[in-house]
Amino acid sequence: MILRFAALAVLILMPLPGWTSGAVTLTTLDGSRRIEGELVSMSDAYLRVETEHGAITIDSGDVTCEGPGCPDAAELVAEVAIGGPADMVHRLMSPLLESFARRRGLSYRHIFLGDDQVSWELTDGEGGRLLARISGQVTEDRASLKQLASRDADLAFGRSDGGSRADQDVIALDALVPVLSPDNPRAVVTLSQLEDILQGKVTDWAELGDDELPIVVHLAKGEETGRALSRVFPGLRLRSDVIHDQPASIGAAVADDPGALGLAPLSQIGNTVPLVVSGSCGLASPATLASVKSEDYPLTQPLFLHRNGARQPRIIRDFLAYARSHETQPVIRAAGFVDQGISRISFDRQGGRLANAVLWAGEDAAQMQEVQRLIVALIDAERLTLTFRFEDGSSDLDAQSNSNIRRLADAIGRGDFDRRELVFVGFTDGEGPADGNLRLSKRRAASVLRAVRAFAGETSVLLSDDGFGEILPMACDDTAWGRQVNRRVEVWVRRPQPDR
């Protein structure tokens, strides 16, 4: 099925069988431009016209066509292929397409072809004309990206970043969560303990001070789990006692076994109990909607929608724009994933973090002064669940943060923060001198502010920046992941200060 769509791509330069070229006049939908010439080829929803100025290729959805060479509308069907993991193909794509069709007044048809294949059709709600046929195939991340690169697919879902040159958007969020049976009393596991369990150094709960009970590790088949863990545990060699074809089956298996520990997506934990993950210094990271949205949870997984650089038919371009818009966030949430709607966390709910800041400062007068300055600056503010973080060893923002720039700029444009001030607040890890970290945190906050301002354009929303160095850690600094999480820029919203 996928290969059939690859072949269609070359038809842009080839006449279709049984179709005769002829004179056409194409007019843009707003009537501002007319193109006259001979229609020499067509494929999917694209028309190639030979004009007096040379050949051009144009999306039929952007023009009306008059003349003897105009194709039958039934021949202009957008054919698209998409690959990706089962949960995203079956549980995410279907409601997104159905919601898009409903908003556009189109008819939607879902054709289940098996566990690994599905097809969707979009038709004109009034005339019943087929507008788009989308083929979905369940594949692992690496396979779907390979199909995209070879043009055997047009779109790809996945949990892997396609790289800085990839055309991609973070479409939703998920997280990999260690889960236990409700009959297992343990509530917290440190990162080092979790690492020892996953690589087989700890094989019985008694080794962690619990009752004697063998630990049975449940993992999902495929490479995605290992890649997600590698961010936190570089070089981890996974041990697994039970391998599941699909992550959805992990929850039920673990829930029935008091000795089991599974790694399941947050969206599919079922009746299990999630373990809170903590660092050696005592900073804990529970998997909550807020901690995943802000990427404060260690095993957060951005869910990507990749697209190749080739042009897409208009109806598919419109769907992609809808899929990454704020309008889809309730759909994503209803599908069981973590949406990217911008939520607010009140200052009152920051008590644990502030307590850590006080403990972190200790008897250092300068650090305690910074803690007091932070409290004064933000006590009347709310933290947004948008956090900007940086690539390892780089000043470049990571993929999720680049997506957050557009998301925040769009929210500013919609008026979500009218008559409010957005404060970009920088923090660092604890390595290096405190005064240097303070300056670095302020530079990073200023750089993110500039990026958002450039994307948002002219706005009446007041944007300001500040930095507090290393005083408010989110994780312990004894791991590379912990240091990366601490290097961040948060966004806070408050009423404009009188002196500004």
# chains A, B, ... in the order shown; residues from 1 in each chain; ligands from 1
call {"tool": "select_by_dssp", "arguments": {"residues": "segment 237-273 of chain A", "states": "strand (DSSP E or B)", "output": "PyMOL selection string"}}
result
chain A and resi 242-244+260-265+273
call {"tool": "write_last_selection", "arguments": {"atoms": "N, CA and C atoms", "output": "tab-separated table (two decimals), in the first residue's frame"}}
result
chain	number	residue	atom	x	y	z
A	242	VAL	N	9.57	-9.98	30.34
A	242	VAL	CA	8.38	-10.16	29.50
A	242	VAL	C	8.36	-9.04	28.46
A	243	ILE	N	8.28	-9.41	27.20
A	243	ILE	CA	8.21	-8.43	26.11
A	243	ILE	C	6.78	-8.43	25.54
A	244	HIS	N	6.21	-7.24	25.42
A	244	HIS	CA	4.85	-7.11	24.92
A	244	HIS	C	4.88	-6.54	23.51
A	260	ALA	N	5.74	-7.41	39.70
A	260	ALA	CA	6.08	-6.87	38.39
A	260	ALA	C	6.41	-5.38	38.44
A	261	LEU	N	7.29	-4.97	37.56
A	261	LEU	CA	7.54	-3.56	37.28
A	261	LEU	C	7.49	-3.39	35.77
A	262	GLY	N	6.63	-2.50	35.30
A	262	GLY	CA	6.52	-2.26	33.87
A	262	GLY	C	6.89	-0.84	33.51
A	263	LEU	N	7.28	-0.65	32.27
A	263	LEU	CA	7.48	0.69	31.73
A	263	LEU	C	6.41	0.90	30.68
A	264	ALA	N	5.43	1.74	31.00
A	264	ALA	CA	4.29	1.93	30.12
A	264	ALA	C	4.12	3.41	29.81
A	265	PRO	N	3.57	3.74	28.64
A	265	PRO	CA	3.23	5.14	28.37
A	265	PRO	C	2.20	5.63	29.38
A	273	VAL	N	-0.21	1.33	39.30
A	273	VAL	CA	0.12	2.49	40.13
A	273	VAL	C	1.47	3.04	39.67
call {"tool": "residues_around", "arguments": {"residues": "segment 379-386 of chain A", "least_positions_apart": "3", "cutoff": "7 Å", "atoms": "only C-alpha atoms", "output": "PyMOL selection string"}}
result
chain A and resi 290+293-294+342-347+375-376+404+490-494
call {"tool": "closest_residue", "arguments": {"among": "A:Ala206, A:Leu275, A:Val80, A:Cys281", "to": "Asp478 of chain A", "atoms": "only C-alpha atoms"}}
result
A:Cys281
call {"tool": "residues_around", "arguments": {"residues": "Val425 of chain A", "least_positions_apart": "4", "cutoff": "6 Å", "atoms": "only C-alpha atoms", "output": "PyMOL selection string"}}
result
chain A and resi 445+465-467+489-490
call {"tool": "write_last_selection", "arguments": {"atoms": "N, CA, C and O atoms", "output": "JSON list (two decimals), in the first residue's frame"}}
result
[["chain", "number", "residue", "atom", "x", "y", "z"],
["A", 445, "ALA", "N", 17.27, 33.71, 29.39],
["A", 445, "ALA", "CA", 15.90, 34.23, 29.44],
["A", 445, "ALA", "C", 15.71, 35.32, 28.39],
["A", 445, "ALA", "O", 14.68, 35.36, 27.70],
["A", 465, "ASP", "N", 12.17, 39.90, 31.23],
["A", 465, "ASP", "CA", 12.99, 38.73, 31.53],
["A", 465, "ASP", "C", 13.74, 38.93, 32.83],
["A", 465, "ASP", "O", 13.96, 40.06, 33.27],
["A", 466, "ASP", "N", 14.13, 37.82, 33.43],
["A", 466, "ASP", "CA", 14.91, 37.84, 34.66],
["A", 466, "ASP", "C", 15.63, 36.50, 34.75],
["A", 466, "ASP", "O", 15.36, 35.57, 33.98],
["A", 467, "GLY", "N", 16.55, 36.38, 35.70],
["A", 467, "GLY", "CA", 17.26, 35.13, 35.88],
["A", 467, "GLY", "C", 17.67, 34.97, 37.33],
["A", 467, "GLY", "O", 17.95, 35.95, 38.02],
["A", 489, "VAL", "N", 14.32, 27.88, 30.88],
["A", 489, "VAL", "CA", 13.67, 29.18, 30.97],
["A", 489, "VAL", "C", 12.18, 28.92, 31.17],
["A", 489, "VAL", "O", 11.54, 28.29, 30.33],
["A", 490, "GLU", "N", 11.67, 29.35, 32.31],
["A", 490, "GLU", "CA", 10.24, 29.24, 32.59],
["A", 490, "GLU", "C", 9.53, 30.51, 32.15],
["A", 490, "GLU", "O", 10.16, 31.57, 31.98]]
call {"tool": "closest_residue", "arguments": {"among": "A:Asn184, A:Cys70, A:Asp59, A:Glu126", "to": "Leu39 of chain A", "atoms": "only C-alpha atoms"}}
result
A:Cys70
call {"tool": "residues_around", "arguments": {"residues": "Val217 of chain A", "least_positions_apart": "3", "cutoff": "12 Å", "atoms": "only C-alpha atoms", "output": "JSON, numbers by chain"}}
result
{"A": [178, 179, 180, 194, 195, 196, 197, 198, 199, 200, 202, 203, 204, 205, 214, 220, 238, 239, 240, 241, 242, 243, 244, 250, 253, 254, 257, 258, 259, 260, 261, 262, 263, 264]}
call {"tool": "write_last_selection", "arguments": {"atoms": "N, CA, C and O atoms", "output": "compact mmCIF listing (two decimals), in the first residue's frame"}}
result
# COMPACT_ATOMS: atom_id res chain seq x y z
N PRO A 178 7.37 4.15 35.14
CA PRO A 178 7.49 2.86 35.85
C PRO A 178 6.22 2.62 36.66
O PRO A 178 5.78 3.48 37.43
N VAL A 179 5.61 1.46 36.45
CA VAL A 179 4.32 1.17 37.09
C VAL A 179 4.39 -0.15 37.84
O VAL A 179 5.15 -1.06 37.48
N LEU A 180 3.58 -0.23 38.90
CA LEU A 180 3.51 -1.42 39.74
C LEU A 180 2.06 -1.88 39.88
O LEU A 180 1.11 -1.14 39.59
N LEU A 194 16.05 2.49 39.81
CA LEU A 194 15.36 2.10 38.58
C LEU A 194 16.35 1.60 37.54
O LEU A 194 16.11 0.58 36.87
N GLU A 195 17.49 2.27 37.43
CA GLU A 195 18.51 1.83 36.48
C GLU A 195 19.02 0.43 36.84
O GLU A 195 19.19 -0.43 35.96
N ASP A 196 19.24 0.19 38.13
CA ASP A 196 19.73 -1.13 38.55
C ASP A 196 18.70 -2.23 38.26
O ASP A 196 19.06 -3.34 37.88
N ILE A 197 17.42 -1.92 38.43
CA ILE A 197 16.38 -2.91 38.12
C ILE A 197 16.35 -3.20 36.63
O ILE A 197 16.30 -4.36 36.19
N LEU A 198 16.41 -2.15 35.83
CA LEU A 198 16.26 -2.32 34.38
C LEU A 198 17.44 -3.05 33.76
O LEU A 198 17.29 -3.68 32.71
N GLN A 199 18.62 -2.98 34.36
CA GLN A 199 19.76 -3.69 33.78
C GLN A 199 20.09 -4.99 34.53
O GLN A 199 21.08 -5.65 34.25
N GLY A 200 19.22 -5.36 35.50
CA GLY A 200 19.34 -6.67 36.13
C GLY A 200 20.27 -6.73 37.32
O GLY A 200 20.56 -7.82 37.82
N VAL A 202 19.51 -5.42 40.27
CA VAL A 202 18.57 -5.67 41.37
C VAL A 202 17.45 -6.52 40.80
O VAL A 202 16.76 -6.11 39.86
N THR A 203 17.25 -7.71 41.39
CA THR A 203 16.27 -8.65 40.84
C THR A 203 15.19 -9.05 41.84
O THR A 203 14.30 -9.82 41.50
N ASP A 204 15.26 -8.52 43.06
CA ASP A 204 14.27 -8.85 44.08
C ASP A 204 13.97 -7.59 44.89
O ASP A 204 14.88 -6.80 45.20
N TRP A 205 12.70 -7.39 45.24
CA TRP A 205 12.31 -6.20 45.98
C TRP A 205 12.97 -6.14 47.35
O TRP A 205 13.13 -5.05 47.94
N PRO A 214 10.48 -11.69 43.81
CA PRO A 214 11.24 -11.47 42.57
C PRO A 214 10.63 -10.36 41.72
O PRO A 214 9.40 -10.22 41.63
N ALA A 220 7.83 -2.97 26.38
CA ALA A 220 7.21 -3.06 25.06
C ALA A 220 8.25 -3.43 24.02
O ALA A 220 9.41 -3.03 24.10
N LEU A 238 19.31 -2.90 28.65
CA LEU A 238 18.04 -3.31 29.25
C LEU A 238 17.95 -4.81 29.44
O LEU A 238 18.34 -5.60 28.58
N ARG A 239 17.45 -5.20 30.59
CA ARG A 239 17.04 -6.57 30.84
C ARG A 239 15.51 -6.59 30.74
O ARG A 239 14.84 -5.65 31.16
N SER A 240 14.95 -7.64 30.21
CA SER A 240 13.49 -7.73 30.16
C SER A 240 13.07 -9.17 30.37
O SER A 240 13.62 -10.08 29.75
N ASP A 241 12.09 -9.37 31.25
CA ASP A 241 11.58 -10.70 31.50
C ASP A 241 10.37 -11.01 30.62
O ASP A 241 10.16 -12.15 30.21
N VAL A 242 9.57 -9.98 30.34
CA VAL A 242 8.38 -10.16 29.50
C VAL A 242 8.36 -9.04 28.46
O VAL A 242 8.44 -7.86 28.81
N ILE A 243 8.28 -9.41 27.20
CA ILE A 243 8.21 -8.43 26.11
C ILE A 243 6.78 -8.43 25.54
O ILE A 243 6.25 -9.49 25.21
N HIS A 244 6.21 -7.24 25.42
CA HIS A 244 4.85 -7.11 24.92
C HIS A 244 4.88 -6.54 23.51
O HIS A 244 5.62 -5.60 23.22
N ILE A 250 0.78 -3.92 28.72
CA ILE A 250 1.65 -3.92 29.89
C ILE A 250 0.84 -3.66 31.16
O ILE A 250 1.03 -4.33 32.19
N ALA A 253 -1.05 -6.73 32.54
CA ALA A 253 -0.15 -7.77 33.03
C ALA A 253 0.48 -7.38 34.36
O ALA A 253 0.58 -8.20 35.29
N VAL A 254 0.91 -6.14 34.49
CA VAL A 254 1.56 -5.68 35.72
C VAL A 254 0.55 -5.59 36.86
O VAL A 254 0.88 -5.93 38.01
N ASP A 257 0.24 -8.76 38.89
CA ASP A 257 1.44 -9.41 39.44
C ASP A 257 2.11 -8.47 40.45
O ASP A 257 2.72 -7.47 40.07
N PRO A 258 2.02 -8.76 41.75
CA PRO A 258 2.61 -7.88 42.77
C PRO A 258 4.11 -7.67 42.63
O PRO A 258 4.65 -6.67 43.11
N GLY A 259 4.82 -8.60 41.97
CA GLY A 259 6.26 -8.46 41.83
C GLY A 259 6.69 -7.75 40.57
O GLY A 259 7.88 -7.49 40.37
N ALA A 260 5.74 -7.41 39.70
CA ALA A 260 6.08 -6.87 38.39
C ALA A 260 6.41 -5.38 38.44
O ALA A 260 5.86 -4.63 39.26
N LEU A 261 7.29 -4.97 37.56
CA LEU A 261 7.54 -3.56 37.28
C LEU A 261 7.49 -3.39 35.77
O LEU A 261 8.19 -4.10 35.04
N GLY A 262 6.63 -2.50 35.30
CA GLY A 262 6.52 -2.26 33.87
C GLY A 262 6.89 -0.84 33.51
O GLY A 262 6.87 0.06 34.36
N LEU A 263 7.28 -0.65 32.27
CA LEU A 263 7.48 0.69 31.73
C LEU A 263 6.41 0.90 30.68
O LEU A 263 6.44 0.29 29.61
N ALA A 264 5.43 1.74 31.00
CA ALA A 264 4.29 1.93 30.12
C ALA A 264 4.12 3.41 29.81
O ALA A 264 4.46 4.27 30.64
call {"tool": "residues_around", "arguments": {"residues": "segment 362-373 of chain A", "least_positions_apart": "2", "cutoff": "9 Å", "atoms": "only C-alpha atoms", "output": "PyMOL selection string"}}
result
chain A and resi 354+357-360+375-378+434+468-472
call {"tool": "atom_distance", "arguments": {"atom1": "atom CA of Ser150 of chain A", "atom2": "atom CA of Ile134 of chain A"}}
result
18.0 Å
call {"tool": "decode", "arguments": {"residues": "segment 398-420 of chain A", "atoms": "N, CA, C and O atoms", "output": "tab-separated table (two decimals), in the first residue's frame"}}
result
chain	number	residue	atom	x	y	z
A	398	ASP	N	15.81	22.83	22.30
A	398	ASP	CA	15.49	21.49	21.82
A	398	ASP	C	14.20	21.55	21.00
A	398	ASP	O	13.56	22.60	20.86
A	399	ALA	N	13.80	20.39	20.43
A	399	ALA	CA	12.66	20.36	19.50
A	399	ALA	C	11.37	20.82	20.15
A	399	ALA	O	10.59	21.57	19.56
A	400	GLN	N	11.11	20.36	21.37
A	400	GLN	CA	9.89	20.76	22.06
A	400	GLN	C	9.87	22.25	22.31
A	400	GLN	O	8.84	22.92	22.17
A	401	SER	N	11.01	22.83	22.66
A	401	SER	CA	11.08	24.25	22.96
A	401	SER	C	10.86	25.09	21.71
A	401	SER	O	10.23	26.16	21.75
A	402	ASN	N	11.40	24.63	20.58
A	402	ASN	CA	11.15	25.34	19.32
A	402	ASN	C	9.67	25.36	18.99
A	402	ASN	O	9.13	26.35	18.50
A	403	SER	N	9.01	24.24	19.26
A	403	SER	CA	7.56	24.18	19.06
A	403	SER	C	6.85	25.12	20.03
A	403	SER	O	5.85	25.76	19.68
A	404	ASN	N	7.37	25.25	21.25
A	404	ASN	CA	6.76	26.11	22.25
A	404	ASN	C	6.82	27.59	21.88
A	404	ASN	O	5.95	28.37	22.29
A	405	ILE	N	7.84	27.98	21.12
A	405	ILE	CA	7.93	29.38	20.69
A	405	ILE	C	6.70	29.75	19.87
A	405	ILE	O	6.04	30.76	20.11
A	406	ARG	N	6.38	28.91	18.89
A	406	ARG	CA	5.20	29.19	18.06
A	406	ARG	C	3.92	29.11	18.88
A	406	ARG	O	3.01	29.91	18.73
A	407	ARG	N	3.86	28.12	19.78
A	407	ARG	CA	2.65	27.94	20.58
A	407	ARG	C	2.39	29.16	21.48
A	407	ARG	O	1.26	29.62	21.61
A	408	LEU	N	3.45	29.68	22.10
A	408	LEU	CA	3.28	30.85	22.96
A	408	LEU	C	2.96	32.09	22.13
A	408	LEU	O	2.10	32.90	22.50
A	409	ALA	N	3.63	32.24	20.99
A	409	ALA	CA	3.37	33.39	20.12
A	409	ALA	C	1.92	33.37	19.63
A	409	ALA	O	1.26	34.41	19.56
A	410	ASP	N	1.42	32.19	19.29
A	410	ASP	CA	0.02	32.08	18.85
A	410	ASP	C	-0.93	32.48	19.98
A	410	ASP	O	-1.95	33.15	19.74
A	411	ALA	N	-0.63	32.05	21.22
A	411	ALA	CA	-1.48	32.39	22.35
A	411	ALA	C	-1.48	33.90	22.59
A	411	ALA	O	-2.52	34.50	22.92
A	412	ILE	N	-0.32	34.52	22.42
A	412	ILE	CA	-0.24	35.98	22.56
A	412	ILE	C	-1.10	36.64	21.49
A	412	ILE	O	-1.87	37.58	21.76
A	413	GLY	N	-1.01	36.12	20.26
A	413	GLY	CA	-1.81	36.68	19.16
A	413	GLY	C	-3.30	36.52	19.36
A	413	GLY	O	-4.09	37.36	18.90
A	414	ARG	N	-3.71	35.45	20.04
A	414	ARG	CA	-5.15	35.23	20.29
A	414	ARG	C	-5.68	36.12	21.40
A	414	ARG	O	-6.88	36.18	21.63
A	415	GLY	N	-4.79	36.78	22.11
A	415	GLY	CA	-5.23	37.64	23.21
A	415	GLY	C	-5.32	36.94	24.55
A	415	GLY	O	-5.91	37.47	25.50
A	416	ASP	N	-4.71	35.74	24.67
A	416	ASP	CA	-4.79	34.99	25.93
A	416	ASP	C	-4.13	35.73	27.09
A	416	ASP	O	-4.46	35.45	28.26
A	417	PHE	N	-3.19	36.64	26.79
A	417	PHE	CA	-2.46	37.32	27.87
A	417	PHE	C	-2.62	38.83	27.81
A	417	PHE	O	-1.75	39.57	28.31
A	418	ASP	N	-3.70	39.28	27.20
A	418	ASP	CA	-3.95	40.72	27.17
A	418	ASP	C	-4.03	41.28	28.59
A	418	ASP	O	-4.58	40.63	29.50
A	419	ARG	N	-3.45	42.47	28.75
A	419	ARG	CA	-3.41	43.17	30.05
A	419	ARG	C	-2.64	42.36	31.10
A	419	ARG	O	-2.91	42.46	32.30
A	420	ARG	N	-1.74	41.54	30.65
A	420	ARG	CA	-0.87	40.79	31.55
A	420	ARG	C	0.59	40.97	31.11
A	420	ARG	O	0.88	41.41	30.00
